[in-house]
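Peer 1: Attaching a single structure in structure tokens format; questions to follow.
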Amino acid sequence: MIVAKNIHKYYGEVEILKGVNLHIKKGEIVAIVGPSGAGKTTLLQILGTLDKPQKEQNYELYVDGISIKNLSDKEVSAFRNQHIGFIFQFHQLLPEFTALENVCIPAFIGGKGKSETETRAKELLDFLGLSHRINHKPNELSGGEQQRVAVARALINKPSVIFADEPSGNLDSASAKNLHELFFKLRDEFGQTFVLVTHNKELAEMADRTLTMKDGVIVD
Ligand SMILES: Nc1ncnc2c1ncn2[C@@H]1O[C@H](COP(=O)(O)OP(=O)(O)O)[C@@H](O)[C@H]1O
Ligand SMILES: [Mg+2]
């Protein structure tokens with residue numbers, strides 16, 4: 001599903017990723033852990049095609065069987081829209097739009113029709129226990145509800161892989177537990193692959209596999 005070989009990243013003179021290699025199977029839930037500053041977010045952004053590795057290094061990056069290296073910027077954006085979902089620590093929902101509208105946006109960007117998209121968005125919000133909140137704006141929702149709307153938004157285009165960067169970092173422990181259980185329920189229902197950066201011990205322990213990052217490399 002995801003194969004990365006020899007991923008390097010510099011910011012200015014500083015080498016942030018120092019040759020990362022990993023292989024994640026379809027349907028796997030992998031937790032990436034490690035101290036702050038280790039390069040977890042940088043790696044997740046590269047695996048999620050939001051950023052690029054150093055091209056002068058001979059790297060490989062396959063996501064959902066596609067070699068990202070050979071795609072144009074436009075092709076990468078289209079690929080990301082269709083194959084990848086993101087969940088961030090802060091929900092990053094658009095404040096002016098309702099829950100339903102926020103969930104629909106990636107589908108509209110992908111060229112999907114209004115009624116088809118709204119039907120799917122309502123089904124997802126219902127699945128996530130939010131059918132009574134679809135017309136609320138983000139600031140009218142609890143932290144846990146906002147994060148579940150962000151999950152629905154990540155899922156709207158039926159991506160095969162979800163990347164989440166400290167998704168429960170901003171939630172109380174009950175909402176965090178609820179969100180973590182949701183990831184496993186989604187994997188079981190839809191077979192999605194999850195790559196989760198987390199400081200949450202319980203989530204890391206629930207994962208199929210944990211990768212520990214330290215100083216720009218994976219140490220186990
Ligand atoms: N856009 C950037 N420009 C310069 N330095 C950055 C940038 N993004 C991250 N860094 C640096 O890269 C290192 C790794 O950051 P990050 O990947 O966010 O680590 P983590 O998510 O493990 O805390 C940190 O030292 C951080 O300051
Ligand atoms: Mg980070």
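A note on labels: chains of the structure tokens are A, B, ... as shown, every chain counts residues from 1, and ligands are counted from 1 in their shown order.
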Where does segment 15-113 of chain A meet segment 121-129 of chain A within 10 Å, residue by residue, with the nearest atom pair and distance in Å to one decimal for each, counting only C-alpha atoms, listed by chain and rising number, as JSON lines?

Peer 2:
```
{"residue": "A:Ala99", "atom": "CA", "partner": "A:Leu125", "partner_atom": "CA", "distance": 8.6}
{"residue": "A:Leu100", "atom": "CA", "partner": "A:Ala121", "partner_atom": "CA", "distance": 6.5}
{"residue": "A:Glu101", "atom": "CA", "partner": "A:Ala121", "partner_atom": "CA", "distance": 8.6}
{"residue": "A:Asn102", "atom": "CA", "partner": "A:Ala121", "partner_atom": "CA", "distance": 9.3}
{"residue": "A:Val103", "atom": "CA", "partner": "A:Ala121", "partner_atom": "CA", "distance": 6.1}
{"residue": "A:Cys104", "atom": "CA", "partner": "A:Ala121", "partner_atom": "CA", "distance": 6.2}
{"residue": "A:Ile105", "atom": "CA", "partner": "A:Ala121", "partner_atom": "CA", "distance": 9.9}
{"residue": "A:Ala107", "atom": "CA", "partner": "A:Ala121", "partner_atom": "CA", "distance": 9.4}
```

Peer 1: Got a sec: who's within 8 Å of Ala207 of chain A, counting only C-alpha atoms, leaving out chain neighbours fewer than 5 positions off, as a PyMOL selection string?

Peer 2: chain A and resi 29-31

Peer 1: Taking only C-alpha atoms and all ligand atoms and a cut-off of 9 Å, can you tell me which residues surround ligand 2, written as a list of chain:residue names?

Peer 2: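 I would give the residues around ligand 2 as A:Ser36, A:Gly37, A:Ala38, A:Gly39, A:Lys40, A:Thr41, A:Thr42, A:Leu44, A:Asp165, A:Glu166, A:Val197, A:Thr198.
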
Peer 1: Any residue with an atom at most 12 Å from ligand 1 counts, using only C-alpha atoms and all ligand atoms. Which are they? Put them as a JSON list (two decimals) with N, CA and C atoms, in the first residue's frame.

Peer 2:
```json
[["chain", "number", "residue", "atom", "x", "y", "z"],
["A", 8, "HIS", "N", 14.64, 11.54, 2.35],
["A", 8, "HIS", "CA", 15.42, 12.59, 3.03],
["A", 8, "HIS", "C", 14.67, 13.90, 2.91],
["A", 9, "LYS", "N", 14.84, 14.75, 3.93],
["A", 9, "LYS", "CA", 14.28, 16.10, 3.85],
["A", 9, "LYS", "C", 15.17, 17.09, 4.60],
["A", 10, "TYR", "N", 15.49, 18.17, 3.94],
["A", 10, "TYR", "CA", 16.23, 19.26, 4.57],
["A", 10, "TYR", "C", 15.32, 20.47, 4.71],
["A", 11, "TYR", "N", 15.46, 21.21, 5.79],
["A", 11, "TYR", "CA", 14.95, 22.58, 5.85],
["A", 11, "TYR", "C", 16.18, 23.46, 5.98],
["A", 12, "GLY", "N", 16.51, 24.18, 4.93],
["A", 12, "GLY", "CA", 17.76, 24.93, 4.91],
["A", 12, "GLY", "C", 18.92, 23.94, 5.01],
["A", 13, "GLU", "N", 19.79, 24.16, 5.99],
["A", 13, "GLU", "CA", 20.98, 23.32, 6.16],
["A", 13, "GLU", "C", 20.68, 22.09, 7.01],
["A", 14, "VAL", "N", 19.51, 22.12, 7.65],
["A", 14, "VAL", "CA", 19.24, 21.09, 8.66],
["A", 14, "VAL", "C", 18.57, 19.88, 8.03],
["A", 15, "GLU", "N", 19.14, 18.72, 8.28],
["A", 15, "GLU", "CA", 18.54, 17.49, 7.76],
["A", 15, "GLU", "C", 17.50, 16.99, 8.77],
["A", 16, "ILE", "N", 16.25, 17.01, 8.34],
["A", 16, "ILE", "CA", 15.13, 16.66, 9.23],
["A", 16, "ILE", "C", 14.80, 15.17, 9.10],
["A", 17, "LEU", "N", 14.79, 14.67, 7.87],
["A", 17, "LEU", "CA", 14.60, 13.22, 7.64],
["A", 17, "LEU", "C", 15.89, 12.70, 7.03],
["A", 18, "LYS", "N", 16.39, 11.61, 7.62],
["A", 18, "LYS", "CA", 17.75, 11.16, 7.29],
["A", 18, "LYS", "C", 17.75, 9.78, 6.65],
["A", 32, "ILE", "N", 2.80, 6.02, 14.37],
["A", 32, "ILE", "CA", 4.16, 6.57, 14.40],
["A", 32, "ILE", "C", 4.30, 7.38, 15.68],
["A", 33, "VAL", "N", 5.27, 6.99, 16.50],
["A", 33, "VAL", "CA", 5.47, 7.68, 17.78],
["A", 33, "VAL", "C", 6.91, 8.19, 17.84],
["A", 34, "GLY", "N", 7.18, 8.98, 18.86],
["A", 34, "GLY", "CA", 8.54, 9.50, 19.02],
["A", 34, "GLY", "C", 8.49, 10.92, 19.55],
["A", 35, "PRO", "N", 9.63, 11.40, 20.05],
["A", 35, "PRO", "CA", 9.65, 12.72, 20.68],
["A", 35, "PRO", "C", 9.33, 13.84, 19.71],
["A", 36, "SER", "N", 8.89, 14.94, 20.26],
["A", 36, "SER", "CA", 8.63, 16.14, 19.49],
["A", 36, "SER", "C", 9.90, 16.57, 18.75],
["A", 37, "GLY", "N", 9.74, 16.95, 17.49],
["A", 37, "GLY", "CA", 10.90, 17.36, 16.70],
["A", 37, "GLY", "C", 11.60, 16.22, 15.98],
["A", 38, "ALA", "N", 11.11, 14.98, 16.15],
["A", 38, "ALA", "CA", 11.75, 13.82, 15.54],
["A", 38, "ALA", "C", 11.56, 13.76, 14.02],
["A", 39, "GLY", "N", 10.55, 14.49, 13.52],
["A", 39, "GLY", "CA", 10.29, 14.48, 12.08],
["A", 39, "GLY", "C", 9.01, 13.77, 11.69],
["A", 40, "LYS", "N", 8.15, 13.48, 12.65],
["A", 40, "LYS", "CA", 6.93, 12.70, 12.38],
["A", 40, "LYS", "C", 5.99, 13.44, 11.43],
["A", 41, "THR", "N", 5.74, 14.71, 11.72],
["A", 41, "THR", "CA", 4.84, 15.49, 10.86],
["A", 41, "THR", "C", 5.43, 15.64, 9.47],
["A", 42, "THR", "N", 6.72, 15.90, 9.40],
["A", 42, "THR", "CA", 7.39, 16.04, 8.09],
["A", 42, "THR", "C", 7.23, 14.75, 7.28],
["A", 43, "LEU", "N", 7.44, 13.61, 7.94],
["A", 43, "LEU", "CA", 7.30, 12.33, 7.24],
["A", 43, "LEU", "C", 5.85, 12.12, 6.79],
["A", 44, "LEU", "N", 4.90, 12.41, 7.67],
["A", 44, "LEU", "CA", 3.49, 12.21, 7.32],
["A", 44, "LEU", "C", 3.08, 13.07, 6.13],
["A", 45, "GLN", "N", 3.58, 14.31, 6.09],
["A", 45, "GLN", "CA", 3.26, 15.21, 4.99],
["A", 45, "GLN", "C", 3.84, 14.68, 3.67],
["A", 46, "ILE", "N", 5.01, 14.06, 3.74],
["A", 46, "ILE", "CA", 5.61, 13.50, 2.53],
["A", 46, "ILE", "C", 4.86, 12.24, 2.10],
["A", 50, "LEU", "N", 1.71, 15.88, 0.52],
["A", 50, "LEU", "CA", 1.58, 17.33, 0.73],
["A", 50, "LEU", "C", 2.94, 18.01, 0.61],
["A", 51, "ASP", "N", 3.99, 17.22, 0.73],
["A", 51, "ASP", "CA", 5.35, 17.75, 0.64],
["A", 51, "ASP", "C", 6.18, 16.72, -0.14],
["A", 52, "LYS", "N", 7.38, 17.13, -0.56],
["A", 52, "LYS", "CA", 8.20, 16.23, -1.38],
["A", 52, "LYS", "C", 9.53, 15.93, -0.71],
["A", 88, "PHE", "N", -6.19, 16.21, 11.05],
["A", 88, "PHE", "CA", -5.14, 16.97, 11.73],
["A", 88, "PHE", "C", -5.49, 17.11, 13.22],
["A", 89, "GLN", "N", -4.53, 17.62, 13.98],
["A", 89, "GLN", "CA", -4.77, 17.79, 15.42],
["A", 89, "GLN", "C", -5.90, 18.79, 15.65],
["A", 164, "ALA", "N", -3.31, 10.67, 9.83],
["A", 164, "ALA", "CA", -3.81, 11.50, 10.93],
["A", 164, "ALA", "C", -2.62, 11.94, 11.78],
["A", 165, "ASP", "N", -2.52, 13.24, 12.01],
["A", 165, "ASP", "CA", -1.40, 13.80, 12.78],
["A", 165, "ASP", "C", -1.91, 14.26, 14.14],
["A", 166, "GLU", "N", -1.63, 13.47, 15.16],
["A", 166, "GLU", "CA", -2.09, 13.73, 16.52],
["A", 166, "GLU", "C", -3.59, 14.06, 16.55],
["A", 196, "LEU", "N", -1.07, 6.83, 11.67],
["A", 196, "LEU", "CA", -1.43, 7.76, 12.73],
["A", 196, "LEU", "C", -0.19, 8.21, 13.49],
["A", 197, "VAL", "N", 0.06, 9.50, 13.53],
["A", 197, "VAL", "CA", 1.08, 10.03, 14.43],
["A", 197, "VAL", "C", 0.38, 10.32, 15.75],
["A", 198, "THR", "N", 0.93, 9.79, 16.83],
["A", 198, "THR", "CA", 0.23, 10.00, 18.10],
["A", 198, "THR", "C", 1.17, 10.01, 19.30],
["A", 199, "HIS", "N", 0.78, 10.77, 20.31],
["A", 199, "HIS", "CA", 1.43, 10.71, 21.61],
["A", 199, "HIS", "C", 0.59, 9.91, 22.58],
["A", 212, "THR", "N", 8.75, 3.81, 15.68],
["A", 212, "THR", "CA", 9.27, 4.87, 16.53],
["A", 212, "THR", "C", 10.27, 5.70, 15.73],
["A", 213, "MET", "N", 10.04, 7.01, 15.72],
["A", 213, "MET", "CA", 10.97, 7.92, 15.03],
["A", 213, "MET", "C", 11.82, 8.64, 16.04],
["A", 214, "LYS", "N", 13.08, 8.80, 15.71],
["A", 214, "LYS", "CA", 14.00, 9.55, 16.56],
["A", 214, "LYS", "C", 15.00, 10.21, 15.64],
["A", 215, "ASP", "N", 15.13, 11.52, 15.78],
["A", 215, "ASP", "CA", 16.19, 12.22, 15.04],
["A", 215, "ASP", "C", 16.16, 11.96, 13.53],
["A", 216, "GLY", "N", 14.96, 11.91, 12.95],
["A", 216, "GLY", "CA", 14.87, 11.82, 11.50],
["A", 216, "GLY", "C", 14.97, 10.43, 10.90],
["A", 217, "VAL", "N", 14.98, 9.41, 11.75],
["A", 217, "VAL", "CA", 14.94, 8.04, 11.23],
["A", 217, "VAL", "C", 13.97, 7.19, 12.04],
["A", 218, "ILE", "N", 13.57, 6.06, 11.45],
["A", 218, "ILE", "CA", 12.75, 5.10, 12.19],
["A", 218, "ILE", "C", 13.71, 4.15, 12.89]]
```

Peer 1: For Glu140 of chain A, which residue out of A:Phe97, A:Phe184, A:Phe90, A:Phe163 is the nearest one, using only C-alpha atoms?

Peer 2: A:Phe97

Peer 1: Considering only C-alpha atoms, can you say which of A:Ile2, A:Ile134, A:Val76, A:Ile84 comes closest to Val149 of chain A?

Peer 2: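 For Val149 of chain A, the nearest of the given residues is A:Ile134.
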
Peer 1: Just give me the gap between atom CA of Ile66 of chain A and atom CA of Lys5 of chain A in Å, one decimal is fine.

Peer 2: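 If I compute the distance from atom CA of Ile66 of chain A to atom CA of Lys5 of chain A, I get 14.0 Å.
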
Peer 1: Report as a ChimeraX atom specification all protein, DNA and RNA residues lying within 12 Å of segment 185-191 of chain A, evaluated on only C-alpha atoms, omitting residues in the same chain fewer than 3 positions from it.

Peer 2: /A:1,25-30,124,127-128,151-152,154-155,158-162,178-182,194-195,207-208

Peer 1: Take the residues from that selection and put them in a file with N, CA and C atoms, as a short mmCIF file (atom, residue, chain, number, x, y, z; two decimals), in the first residue's frame.

Peer 2:
```cif
data_model
loop_
_atom_site.label_atom_id
_atom_site.label_comp_id
_atom_site.auth_asym_id
_atom_site.auth_seq_id
_atom_site.Cartn_x
_atom_site.Cartn_y
_atom_site.Cartn_z
N MET A 1 0.85 -1.22 0.00
CA MET A 1 0.00 0.00 0.00
C MET A 1 0.87 1.26 0.00
N LYS A 25 1.17 -2.18 4.87
CA LYS A 25 0.27 -3.03 4.08
C LYS A 25 -1.14 -2.45 4.04
N LYS A 26 -1.87 -2.87 3.02
CA LYS A 26 -3.28 -2.45 2.90
C LYS A 26 -4.07 -2.91 4.12
N GLY A 27 -4.86 -2.01 4.68
CA GLY A 27 -5.71 -2.35 5.83
C GLY A 27 -4.99 -2.33 7.17
N GLU A 28 -3.71 -2.01 7.15
CA GLU A 28 -2.96 -1.94 8.40
C GLU A 28 -3.24 -0.62 9.12
N ILE A 29 -3.20 -0.64 10.44
CA ILE A 29 -3.23 0.59 11.23
C ILE A 29 -1.88 0.71 11.91
N VAL A 30 -1.12 1.70 11.46
CA VAL A 30 0.26 1.87 11.95
C VAL A 30 0.34 3.18 12.73
N LEU A 124 -22.36 9.29 5.99
CA LEU A 124 -21.14 9.28 6.80
C LEU A 124 -21.38 9.93 8.15
N PHE A 127 -23.30 7.63 10.23
CA PHE A 127 -22.43 6.54 10.70
C PHE A 127 -21.58 7.00 11.89
N LEU A 128 -21.20 8.27 11.87
CA LEU A 128 -20.34 8.82 12.92
C LEU A 128 -21.14 9.40 14.09
N VAL A 151 -13.28 13.68 10.34
CA VAL A 151 -13.13 12.29 9.87
C VAL A 151 -14.06 12.05 8.66
N ALA A 152 -15.30 12.52 8.77
CA ALA A 152 -16.24 12.37 7.64
C ALA A 152 -15.70 13.07 6.40
N ALA A 154 -12.60 13.56 5.71
CA ALA A 154 -11.47 12.75 5.21
C ALA A 154 -11.95 11.54 4.41
N LEU A 155 -13.18 11.08 4.73
CA LEU A 155 -13.68 9.84 4.12
C LEU A 155 -14.54 10.04 2.88
N LYS A 158 -13.88 8.35 -0.40
CA LYS A 158 -13.52 6.93 -0.26
C LYS A 158 -12.02 6.71 -0.48
N PRO A 159 -11.18 7.41 0.27
CA PRO A 159 -9.74 7.25 0.09
C PRO A 159 -9.31 5.87 0.58
N SER A 160 -8.21 5.35 0.04
CA SER A 160 -7.75 4.05 0.52
C SER A 160 -6.82 4.21 1.71
N VAL A 161 -6.30 5.42 1.93
CA VAL A 161 -5.43 5.61 3.08
C VAL A 161 -5.76 6.93 3.79
N ILE A 162 -5.75 6.84 5.12
CA ILE A 162 -5.99 8.02 5.96
C ILE A 162 -4.72 8.31 6.76
N ASN A 178 -13.24 7.45 21.97
CA ASN A 178 -14.30 7.32 20.99
C ASN A 178 -13.73 7.44 19.56
N LEU A 179 -12.86 8.43 19.35
CA LEU A 179 -12.25 8.63 18.03
C LEU A 179 -11.36 7.45 17.65
N HIS A 180 -10.57 6.97 18.61
CA HIS A 180 -9.66 5.85 18.32
C HIS A 180 -10.46 4.60 17.93
N GLU A 181 -11.54 4.34 18.67
CA GLU A 181 -12.35 3.16 18.36
C GLU A 181 -12.96 3.29 16.96
N LEU A 182 -13.28 4.54 16.60
CA LEU A 182 -13.83 4.80 15.27
C LEU A 182 -12.85 4.39 14.16
N PHE A 194 -4.55 3.06 7.80
CA PHE A 194 -4.39 4.25 8.65
C PHE A 194 -2.94 4.41 9.07
N VAL A 195 -2.42 5.61 8.90
CA VAL A 195 -1.10 5.95 9.42
C VAL A 195 -1.32 7.11 10.40
N ALA A 207 -2.79 -0.10 17.93
CA ALA A 207 -2.39 -0.20 16.52
C ALA A 207 -1.82 -1.58 16.21
N ASP A 208 -1.88 -1.96 14.93
CA ASP A 208 -1.31 -3.25 14.52
C ASP A 208 0.20 -3.23 14.70
#
```

Peer 1: So the first atom is atom CA of Gly144 of chain A and the second is atom CA of Phe79 of chain A; what is the distance between them in Å, to one decimal place?

Peer 2: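 We find that atom CA of Gly144 of chain A and atom CA of Phe79 of chain A lie 28.8 Å from each other.
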
Peer 1: Using only C-alpha atoms, which protein or nucleic acid residues come within 8 Å of Pro95 of chain A? Drop anything in the same chain fewer than 5 positions from it, and give the result as a list in words.

Peer 2: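 Skipping anything fewer than 5 positions along the chain leaves Lys137, Pro138 and Asn139 of chain A.
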
Peer 1: Give me the residues within 12 Å of Gly111 of chain A as a list in words, counting only C-alpha atoms and dropping any in the same chain fewer than 6 places off.

Peer 2: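 So, after excluding close chain neighbours, the residues are Ala78, Asn81, Gln82, Cys104, Ile105, Thr117 and Asn157 of chain A.
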
Peer 1: For the residues in the current selection, export all heavy atoms as a CSV table (one decimal), in the first residue's frame.

Peer 2:
```csv
chain,number,residue,atom,x,y,z
A,78,ALA,N,-4.6,15.7,-7.8
A,78,ALA,CA,-5.8,14.9,-8.2
A,78,ALA,C,-5.7,13.5,-7.5
A,78,ALA,O,-6.7,13.0,-6.9
A,78,ALA,CB,-5.9,14.7,-9.7
A,81,ASN,N,-6.6,14.0,-3.8
A,81,ASN,CA,-8.0,14.2,-3.6
A,81,ASN,C,-8.8,12.8,-3.7
A,81,ASN,O,-9.7,12.6,-2.9
A,81,ASN,CB,-8.5,15.1,-4.7
A,81,ASN,CG,-10.0,15.4,-4.6
A,81,ASN,OD1,-10.8,14.7,-5.3
A,81,ASN,ND2,-10.4,16.3,-3.7
A,82,GLN,N,-8.3,11.9,-4.5
A,82,GLN,CA,-9.0,10.7,-4.7
A,82,GLN,C,-8.6,9.5,-3.8
A,82,GLN,O,-9.4,8.7,-3.5
A,82,GLN,CB,-8.8,10.2,-6.2
A,82,GLN,CG,-9.5,11.1,-7.2
A,82,GLN,CD,-11.0,11.3,-6.9
A,82,GLN,OE1,-11.7,10.4,-6.7
A,82,GLN,NE2,-11.4,12.6,-6.9
A,104,CYS,N,-18.7,17.9,2.4
A,104,CYS,CA,-18.9,17.8,1.0
A,104,CYS,C,-17.8,18.4,0.1
A,104,CYS,O,-17.6,18.0,-1.0
A,104,CYS,CB,-20.2,18.5,0.6
A,104,CYS,SG,-21.7,17.7,1.1
A,105,ILE,N,-17.0,19.3,0.7
A,105,ILE,CA,-16.1,20.1,-0.1
A,105,ILE,C,-15.1,19.3,-0.9
A,105,ILE,O,-14.9,19.5,-2.1
A,105,ILE,CB,-15.4,21.2,0.8
A,105,ILE,CG1,-16.4,22.3,1.2
A,105,ILE,CG2,-14.1,21.8,0.1
A,105,ILE,CD1,-16.0,23.3,2.2
A,117,THR,N,-23.2,13.7,-3.6
A,117,THR,CA,-22.3,14.0,-2.5
A,117,THR,C,-23.0,14.2,-1.2
A,117,THR,O,-22.6,13.7,-0.2
A,117,THR,CB,-21.5,15.3,-2.9
A,117,THR,OG1,-20.8,15.0,-4.1
A,117,THR,CG2,-20.6,15.7,-1.8
A,157,ASN,N,-14.4,11.0,-0.1
A,157,ASN,CA,-14.0,10.5,-1.5
A,157,ASN,C,-13.5,9.1,-1.5
A,157,ASN,O,-12.9,8.6,-2.4
A,157,ASN,CB,-12.9,11.4,-2.0
A,157,ASN,CG,-13.4,12.8,-2.5
A,157,ASN,OD1,-14.6,12.9,-2.8
A,157,ASN,ND2,-12.5,13.8,-2.6
```

Peer 1: Expressed in Å to a single decimal, how great is the separation between atom CA of Gln57 of chain A and atom CA of Ile7 of chain A?

Peer 2: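 Those two atoms sit 7.7 Å apart.
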
Peer 1: Check the smallest atom-to-atom distance from each of A:Thr49, A:His91, A:Ala4, A:Val20 to Leu61 of chain A using only C-alpha atoms, then report the winner.

Peer 2: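 Among A:Thr49, A:His91, A:Ala4, A:Val20, it is A:Ala4 that comes nearest to Leu61 of chain A.
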